[in-house]
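Structure file data-v4.csv (CSV, C-alpha atoms) is printed below.
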chain,number,residue,atom,x,y,z
A,1,MET,CA,-23.8,235.2,-313.7
A,2,LYS,CA,-21.0,233.9,-315.9
A,3,LYS,CA,-18.5,231.5,-314.4
A,4,ASN,CA,-14.8,232.5,-314.5
A,5,PRO,CA,-13.2,230.6,-317.4
A,6,LYS,CA,-10.0,230.3,-315.5
A,7,PHE,CA,-11.8,228.8,-312.5
A,8,ILE,CA,-13.5,226.3,-314.7
A,9,LYS,CA,-10.2,225.4,-316.3
A,10,GLU,CA,-8.5,224.8,-313.0
A,11,LYS,CA,-11.5,222.8,-311.7
A,12,ASN,CA,-11.4,220.6,-314.7
A,13,ALA,CA,-7.7,220.1,-314.2
A,14,ILE,CA,-8.2,219.0,-310.7
A,15,LEU,CA,-11.0,216.5,-311.7
A,16,LEU,CA,-8.7,215.2,-314.5
A,17,MET,CA,-5.9,214.7,-311.9
A,18,GLU,CA,-8.3,212.8,-309.6
A,19,ILE,CA,-9.4,210.5,-312.5
A,20,HIS,CA,-5.8,209.6,-313.4
A,21,GLU,CA,-4.8,209.0,-309.8
A,22,ARG,CA,-7.8,206.6,-309.4
A,23,ALA,CA,-6.7,204.9,-312.7
A,24,ASN,CA,-3.2,204.4,-311.3
A,25,ARG,CA,-4.5,202.9,-308.1
A,26,LEU,CA,-6.7,200.5,-310.0
A,27,ARG,CA,-3.9,199.5,-312.3
A,28,TYR,CA,-1.6,198.9,-309.3
A,29,LEU,CA,-4.3,196.8,-307.6
A,30,ARG,CA,-4.8,194.6,-310.7
A,31,LYS,CA,-1.1,194.0,-311.0
A,32,LEU,CA,-1.0,193.0,-307.4
A,33,SER,CA,-3.6,190.3,-308.2
A,34,HIS,CA,-1.6,189.1,-311.2
A,35,LEU,CA,-4.8,189.1,-313.2
A,36,SER,CA,-5.0,190.1,-316.9
A,37,MET,CA,-7.4,192.9,-317.6
A,38,LYS,CA,-9.9,190.4,-319.0
A,39,GLU,CA,-9.6,188.2,-315.9
A,40,PHE,CA,-9.8,191.2,-313.6
A,41,ALA,CA,-13.0,192.4,-315.3
A,42,ARG,CA,-14.6,189.0,-315.0
A,43,HIS,CA,-13.7,188.6,-311.4
A,44,CYS,CA,-15.1,192.0,-310.6
A,45,ASN,CA,-18.3,191.4,-312.7
A,46,LEU,CA,-17.5,194.4,-314.8
A,47,GLY,CA,-17.1,194.9,-318.5
A,48,LEU,CA,-13.7,194.7,-320.1
A,49,THR,CA,-14.2,198.1,-321.8
A,50,THR,CA,-15.2,199.6,-318.4
A,51,ILE,CA,-11.9,198.4,-316.8
A,52,ASN,CA,-9.9,199.5,-319.8
A,53,TYR,CA,-11.4,203.0,-319.8
A,54,TRP,CA,-10.9,203.3,-316.0
A,55,GLU,CA,-7.2,202.2,-316.2
A,56,GLN,CA,-6.5,204.5,-319.2
A,57,GLY,CA,-8.2,207.5,-317.4
A,58,TYR,CA,-10.8,207.9,-320.1
A,59,SER,CA,-13.5,207.8,-317.4
A,60,SER,CA,-13.5,207.7,-313.6
A,61,VAL,CA,-13.8,204.7,-311.3
A,62,THR,CA,-17.3,204.9,-309.7
A,63,GLU,CA,-18.0,204.2,-306.1
A,64,ARG,CA,-20.3,201.3,-307.0
A,65,GLY,CA,-17.5,199.9,-309.3
A,66,ALA,CA,-15.0,200.4,-306.5
A,67,GLN,CA,-17.2,198.3,-304.2
A,68,LYS,CA,-17.3,195.5,-306.8
A,69,VAL,CA,-13.5,195.6,-307.2
A,70,CYS,CA,-12.8,195.5,-303.5
A,71,LYS,CA,-15.2,192.6,-303.0
A,72,ALA,CA,-13.6,190.6,-305.8
A,73,MET,CA,-10.1,191.3,-304.5
A,74,ARG,CA,-11.0,190.1,-301.0
A,75,GLU,CA,-12.0,186.8,-302.7
A,76,GLU,CA,-8.6,186.8,-304.3
A,77,GLY,CA,-6.9,187.2,-300.9
A,78,ILE,CA,-6.2,190.9,-301.3
A,79,GLU,CA,-7.5,193.4,-298.8
A,80,CYS,CA,-8.4,196.8,-300.3
A,81,THR,CA,-10.8,199.5,-299.2
A,82,VAL,CA,-13.2,201.6,-301.3
A,83,ILE,CA,-11.8,204.7,-299.6
A,84,TRP,CA,-8.3,203.9,-300.7
A,85,LEU,CA,-9.3,203.1,-304.2
A,86,MET,CA,-11.4,206.3,-304.6
A,87,THR,CA,-9.2,208.8,-302.6
A,88,GLY,CA,-5.9,207.2,-301.8
A,89,TYR,CA,-6.5,207.6,-298.1
A,90,GLY,CA,-6.0,204.8,-295.6
A,91,GLU,CA,-4.3,201.5,-295.8
A,92,PRO,CA,-3.1,200.6,-299.3
A,93,PRO,CA,-4.0,197.1,-300.6
A,94,LYS,CA,-2.1,194.1,-299.3
A,95,VAL,CA,-2.0,190.4,-299.9
A,96,THR,CA,-3.6,188.6,-296.9
A,97,ASP,CA,-3.9,185.1,-298.3
A,98,SER,CA,-1.4,184.2,-301.1
A,99,SER,CA,-3.0,180.8,-301.5
A,100,LYS,CA,-6.1,182.5,-303.0
A,101,LEU,CA,-4.2,184.4,-305.7
A,102,SER,CA,-5.3,183.3,-309.2
A,103,LYS,CA,-1.6,182.9,-310.2
A,104,LEU,CA,0.0,181.0,-307.4
A,105,ASN,CA,3.6,181.8,-308.2
A,106,TYR,CA,4.0,184.0,-305.1
A,107,LYS,CA,7.5,184.9,-306.2
A,108,ASN,CA,6.0,187.1,-308.9
A,109,LEU,CA,5.1,189.5,-306.1
A,110,GLU,CA,8.7,190.5,-306.0
A,111,SER,CA,8.2,192.2,-309.3
A,112,LEU,CA,5.9,194.7,-307.5
A,113,SER,CA,9.1,196.4,-306.2
A,114,ARG,CA,9.4,197.7,-309.8
A,115,ILE,CA,5.8,198.6,-310.2
A,116,SER,CA,4.7,202.1,-309.4
A,117,ILE,CA,1.3,203.0,-308.1
A,118,ASN,CA,1.4,206.1,-310.3
A,119,GLU,CA,3.4,204.8,-313.2
A,120,LYS,CA,3.1,206.6,-316.5
A,121,LYS,CA,3.4,205.2,-320.0
A,122,SER,CA,6.8,205.6,-321.4
A,123,ASP,CA,5.1,207.1,-324.5
A,124,TYR,CA,3.9,210.0,-322.4
A,125,PRO,CA,6.8,211.1,-320.2
A,126,MET,CA,6.1,214.0,-317.8
A,127,GLU,CA,8.5,216.8,-318.5
A,128,ASN,CA,9.7,219.1,-315.7
A,129,SER,CA,7.7,221.9,-317.2
A,130,GLU,CA,4.5,219.9,-316.8
A,131,ILE,CA,5.4,218.9,-313.2
A,132,ASN,CA,6.1,222.6,-312.4
A,133,ALA,CA,2.7,223.6,-313.8
A,134,GLU,CA,0.8,220.9,-311.9
A,135,LEU,CA,2.8,221.6,-308.7
A,136,ALA,CA,1.9,225.3,-308.9
A,137,LEU,CA,-1.8,224.3,-309.3
A,138,PHE,CA,-1.5,222.0,-306.3
A,139,LYS,CA,0.0,224.7,-304.2
A,140,LYS,CA,-2.7,227.1,-305.2
A,141,ASN,CA,-5.5,224.7,-304.3
A,142,TYR,CA,-3.8,223.5,-301.1
A,143,PRO,CA,-2.1,226.6,-299.5
A,144,GLU,CA,-1.2,224.5,-296.5
A,145,HIS,CA,0.8,221.6,-297.9
A,146,LEU,CA,3.9,219.5,-297.6
A,147,ILE,CA,6.0,218.4,-300.5
A,148,TYR,CA,8.8,215.7,-300.4
A,149,LEU,CA,11.2,214.3,-302.9
A,150,ILE,CA,11.8,210.6,-302.1
A,151,ASP,CA,15.5,209.6,-302.1
A,152,ASN,CA,15.5,206.1,-300.8
A,153,GLU,CA,13.6,202.7,-301.2
A,154,SER,CA,12.0,202.6,-297.8
A,155,MET,CA,8.4,203.1,-299.1
A,156,LYS,CA,8.6,200.7,-302.1
A,157,PRO,CA,6.6,199.4,-303.9
A,158,LEU,CA,4.2,202.4,-303.6
A,159,PHE,CA,6.8,205.1,-303.8
A,160,ALA,CA,10.3,205.0,-305.3
A,161,PRO,CA,13.4,207.2,-305.3
A,162,GLY,CA,12.8,210.2,-307.6
A,163,ASP,CA,9.1,210.4,-306.8
A,164,LEU,CA,7.8,213.8,-305.8
A,165,VAL,CA,4.9,213.5,-303.4
A,166,ALA,CA,2.6,216.1,-301.9
A,167,GLY,CA,-0.3,216.3,-299.6
A,168,LYS,CA,-2.6,218.7,-297.7
A,169,LYS,CA,-1.1,219.6,-294.3
A,170,LEU,CA,-2.9,218.5,-291.1
A,171,THR,CA,-2.1,219.8,-287.6
A,172,ASP,CA,-3.1,219.2,-284.0
A,173,LYS,CA,-6.1,216.8,-283.6
A,174,ASN,CA,-6.7,216.7,-287.3
A,175,MET,CA,-3.6,214.6,-287.7
A,176,GLU,CA,-5.5,211.7,-286.2
A,177,LEU,CA,-7.6,211.6,-289.4
A,178,ALA,CA,-4.5,210.2,-291.2
A,179,ASN,CA,-4.2,207.1,-289.0
A,180,GLY,CA,-3.0,204.2,-291.3
A,181,ALA,CA,-2.2,206.5,-294.2
A,182,ASP,CA,1.1,207.0,-296.0
A,183,CYS,CA,2.1,210.6,-295.1
A,184,ILE,CA,4.8,213.2,-295.3
A,185,VAL,CA,5.5,213.9,-291.7
A,186,GLU,CA,7.1,217.0,-290.1
A,187,LEU,CA,9.1,216.2,-287.0
A,188,GLU,CA,9.6,218.6,-284.2
A,189,GLY,CA,13.0,219.5,-285.6
A,190,LYS,CA,11.3,220.5,-288.9
A,191,GLU,CA,12.8,217.4,-290.7
A,192,LEU,CA,10.5,215.8,-293.2
A,193,LEU,CA,10.1,212.1,-293.7
A,194,ILE,CA,7.7,209.8,-295.6
A,195,ARG,CA,6.2,207.1,-293.4
A,196,ARG,CA,3.0,205.1,-292.8
A,197,VAL,CA,1.4,206.7,-289.7
A,198,LYS,CA,-0.3,205.0,-286.8
A,199,ILE,CA,-1.7,206.6,-283.6
A,200,ALA,CA,0.7,205.6,-280.8
A,201,HIS,CA,-0.2,204.7,-277.2
A,202,ALA,CA,1.4,207.9,-275.9
A,203,VAL,CA,-0.7,211.0,-275.9
A,204,ASN,CA,-0.5,213.1,-279.0
A,205,SER,CA,2.2,210.8,-280.5
A,206,TYR,CA,2.5,208.6,-283.5
A,207,ASP,CA,4.3,205.5,-284.6
A,208,LEU,CA,6.0,205.8,-288.0
A,209,TYR,CA,6.8,202.8,-290.3
A,210,VAL,CA,8.4,202.1,-293.6
A,211,ILE,CA,6.5,199.7,-295.9
A,212,ASN,CA,9.4,198.0,-297.6
A,213,SER,CA,10.3,195.0,-295.5
A,214,ASP,CA,13.7,194.8,-297.0
A,215,ALA,CA,14.5,198.3,-295.7
A,216,SER,CA,13.1,197.8,-292.2
A,217,LEU,CA,16.5,197.2,-290.6
A,218,GLU,CA,17.9,200.3,-292.1
A,219,PHE,CA,14.8,202.3,-291.3
A,220,PRO,CA,13.3,200.8,-288.1
A,221,PRO,CA,10.0,202.0,-286.8
A,222,LEU,CA,9.9,205.3,-284.9
A,223,ARG,CA,7.6,205.0,-281.9
A,224,ASN,CA,5.8,207.6,-279.8
A,225,ILE,CA,6.9,210.5,-282.0
A,226,LYS,CA,5.5,213.9,-281.6
A,227,LEU,CA,4.8,215.7,-284.9
A,228,LEU,CA,4.4,219.3,-285.9
A,229,SER,CA,2.2,218.3,-288.9
A,230,LEU,CA,1.6,215.6,-291.4
A,231,ALA,CA,0.2,215.4,-294.9
A,232,PRO,CA,-1.5,212.3,-296.3
A,233,ILE,CA,0.0,211.8,-299.8
A,234,ILE,CA,-2.7,212.6,-302.4
A,235,ARG,CA,-0.4,213.5,-305.4
A,236,VAL,CA,2.6,211.8,-306.9
A,237,TRP,CA,4.8,213.0,-309.8
A,238,LYS,CA,7.2,210.6,-311.4
A,239,PRO,CA,9.9,210.3,-312.4
A,240,VAL,CA,11.8,213.2,-311.1
A,241,LYS,CA,15.6,213.3,-311.7
A,242,PHE,CA,17.6,214.5,-308.8
Represent the supplied structure as structure tokens.
Amino acid sequence: MKKNPKFIKEKNAILLMEIHERANRLRYLRKLSHLSMKEFARHCNLGLTTINYWEQGYSSVTERGAQKVCKAMREEGIECTVIWLMTGYGEPPKVTDSSKLSKLNYKNLESLSRISINEKKSDYPMENSEINAELALFKKNYPEHLIYLIDNESMKPLFAPGDLVAGKKLTDKNMELANGADCIVELEGKELLIRRVKIAHAVNSYDLYVINSDASLEFPPLRNIKLLSLAPIIRVWKPVKF
């Protein structure tokens, strides 16, 4: 039985999308550590060519490689999970001990507010036509979805104004699977927000947080919030002009 060429093409497009998203997360993690690519490869006990290929999206980060990376980052004072690096789900990486960072000028971390987890080379800007094509493919593969255009800095450095984010919609008890993840959340009034989600003490409720500490006064935590649905962010397009 011959496979449908269109199906094969779409499947390959999804795989390519996953490879590039892993590459973006790996590059973000390395920049968080302030290590050069050569230093990063040495710390992770991986080849320089391997790291280069992974960051460029020429090949995919492997689970074994992700384990090595996460172990090395813990030794550098950065907490990161294999699940996040491979899928984007769960808690994003964070500095837990700045004294362990190889480059001790902790002020350099401020530059991360200008680093995107899904940054693209300026040589290869994504045109709106490309975004529309990828968006159509995403909607086809995830009929139940949420899409959100970010218009403030509350979720920096991971997401910035102009980013278009999307995720597979979860409802009811399935929403608990997104505990600790950055999500598009649908409030009872149908309003959409992007927040980090934690299961609240109240039954069937969630606490919602921004991750940009500088914006925490403007966007304080929302506690014991009931949601219609949520979608862990699994796809980001940038930049989008609005």
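Among the candidates A:Met155, A:Ala66, A:Ile234, A:Leu146, the one nearest to Asp214 in chain A when counting all atoms listed in the file is A:Met155.
Counting all atoms listed in the file, the residue from A:Thr171, A:Thr87, A:Ser60, A:Ser213 that sits nearest to Leu16 in chain A is A:Ser60.
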Residue among A:Arg64, A:Arg42, A:Lys71, A:Arg196 lying closest to Leu158 in chain A, counting all atoms listed in the file:
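That would be A:Arg196, the residue with the smallest distance to Leu158 in chain A.
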Can you pull out every residue within 10 Å of Tyr206 in chain A, counting only C-alpha atoms, but drop anything in the same chain fewer than 4 positions away, and send it as number ranges by chain?
A: 175-176, 179, 196-202, 222-227
Between CA of Asp163 in chain A and CA of Tyr209 in chain A, what is the distance in Å, rounded to a tenth?
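That distance, rounded to one decimal, is 18.3 Å.
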Do you know which residues are at most 9 Å from Val69 in chain A counting only C-alpha atoms, after dropping those on the same chain fewer than 6 positions away, and could you put them as a ChimeraX atom specification?
/A:26,40-41,43-46,80,82
Write out as a ChimeraX atom specification the residues lying within 12 Å of Ile211 in chain A, counting all atoms listed in the file and excluding same-chain residues fewer than 3 positions away.
/A:91-94,113,153-160,180-183,194-197,208,214-217,219-221
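Taking CA of Asp151 in chain A as the reference point, CA of Asn212 in chain A is found at 13.9 Å.
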Between A:Val61, A:Ser33, A:His145, A:Lys139, single out the one closest to Val95 in chain A, counting only C-alpha atoms.
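Closest to Val95 in chain A of all the choices is A:Ser33.
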Report the distance between CA of Glu144 in chain A and CA of Ala23 in chain A in Å, rounded to one decimal place.
26.0 Å
Taking all atoms listed in the file into account, which of A:Leu192, A:Trp237, A:Lys38, A:Met73 comes nearest Asn132 in chain A?
A:Trp237
So which one's closest to Lys168 in chain A, A:Ala231, A:Val203, A:Leu15, A:Val236? Using all atoms listed in the file, please.
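That would be A:Ala231, the residue with the smallest distance to Lys168 in chain A.
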Reconstruct N, CA, C and O atoms of range 164-184 of chain A; output as a CSV table (one decimal), in the frame of the given file.
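The resulting file, result-v4.csv, is reproduced below:
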chain,number,residue,atom,x,y,z
A,164,LEU,N,8.2,212.6,-306.5
A,164,LEU,CA,7.8,213.8,-305.8
A,164,LEU,C,6.4,213.7,-305.3
A,164,LEU,O,5.5,213.5,-306.1
A,165,VAL,N,6.2,213.7,-304.0
A,165,VAL,CA,4.9,213.5,-303.4
A,165,VAL,C,4.5,214.8,-302.7
A,165,VAL,O,5.3,215.6,-302.2
A,166,ALA,N,3.1,214.9,-302.6
A,166,ALA,CA,2.6,216.1,-301.9
A,166,ALA,C,1.3,215.7,-301.3
A,166,ALA,O,0.6,214.8,-301.6
A,167,GLY,N,0.9,216.5,-300.3
A,167,GLY,CA,-0.3,216.3,-299.6
A,167,GLY,C,-0.8,217.6,-298.8
A,167,GLY,O,0.0,218.5,-298.6
A,168,LYS,N,-2.0,217.6,-298.4
A,168,LYS,CA,-2.6,218.7,-297.7
A,168,LYS,C,-2.2,218.6,-296.2
A,168,LYS,O,-2.4,217.5,-295.6
A,169,LYS,N,-1.6,219.6,-295.7
A,169,LYS,CA,-1.1,219.6,-294.3
A,169,LYS,C,-2.2,219.5,-293.3
A,169,LYS,O,-3.2,220.3,-293.4
A,170,LEU,N,-2.0,218.6,-292.3
A,170,LEU,CA,-2.9,218.5,-291.1
A,170,LEU,C,-2.1,218.8,-289.9
A,170,LEU,O,-1.0,218.4,-289.8
A,171,THR,N,-2.8,219.5,-288.9
A,171,THR,CA,-2.1,219.8,-287.6
A,171,THR,C,-3.0,219.4,-286.5
A,171,THR,O,-4.2,219.2,-286.6
A,172,ASP,N,-2.4,219.4,-285.3
A,172,ASP,CA,-3.1,219.2,-284.0
A,172,ASP,C,-4.0,217.9,-284.1
A,172,ASP,O,-3.5,216.9,-284.6
A,173,LYS,N,-5.2,218.0,-283.6
A,173,LYS,CA,-6.1,216.8,-283.6
A,173,LYS,C,-6.4,216.3,-285.0
A,173,LYS,O,-6.8,215.1,-285.1
A,174,ASN,N,-6.4,217.1,-286.0
A,174,ASN,CA,-6.7,216.7,-287.3
A,174,ASN,C,-5.8,215.6,-287.8
A,174,ASN,O,-6.1,214.9,-288.8
A,175,MET,N,-4.6,215.6,-287.3
A,175,MET,CA,-3.6,214.6,-287.7
A,175,MET,C,-4.1,213.2,-287.5
A,175,MET,O,-3.7,212.2,-288.2
A,176,GLU,N,-5.0,213.0,-286.5
A,176,GLU,CA,-5.5,211.7,-286.2
A,176,GLU,C,-6.3,211.1,-287.4
A,176,GLU,O,-6.5,209.9,-287.5
A,177,LEU,N,-6.8,212.0,-288.3
A,177,LEU,CA,-7.6,211.6,-289.4
A,177,LEU,C,-6.7,210.7,-290.4
A,177,LEU,O,-7.3,210.0,-291.2
A,178,ALA,N,-5.4,210.9,-290.3
A,178,ALA,CA,-4.5,210.2,-291.2
A,178,ALA,C,-4.0,208.9,-290.7
A,178,ALA,O,-3.1,208.3,-291.2
A,179,ASN,N,-4.6,208.4,-289.6
A,179,ASN,CA,-4.2,207.1,-289.0
A,179,ASN,C,-4.3,206.0,-290.1
A,179,ASN,O,-5.3,205.7,-290.7
A,180,GLY,N,-3.1,205.3,-290.3
A,180,GLY,CA,-3.0,204.2,-291.3
A,180,GLY,C,-2.6,204.7,-292.6
A,180,GLY,O,-2.4,203.8,-293.5
A,181,ALA,N,-2.5,206.0,-292.9
A,181,ALA,CA,-2.2,206.5,-294.2
A,181,ALA,C,-0.7,206.7,-294.4
A,181,ALA,O,0.1,206.8,-293.4
A,182,ASP,N,-0.3,206.7,-295.6
A,182,ASP,CA,1.1,207.0,-296.0
A,182,ASP,C,1.2,208.6,-296.1
A,182,ASP,O,0.5,209.2,-296.9
A,183,CYS,N,2.1,209.1,-295.3
A,183,CYS,CA,2.1,210.6,-295.1
A,183,CYS,C,3.6,211.2,-295.2
A,183,CYS,O,4.5,210.5,-295.0
A,184,ILE,N,3.6,212.4,-295.6
A,184,ILE,CA,4.8,213.2,-295.3
A,184,ILE,C,4.6,213.7,-293.9
A,184,ILE,O,3.6,214.3,-293.6
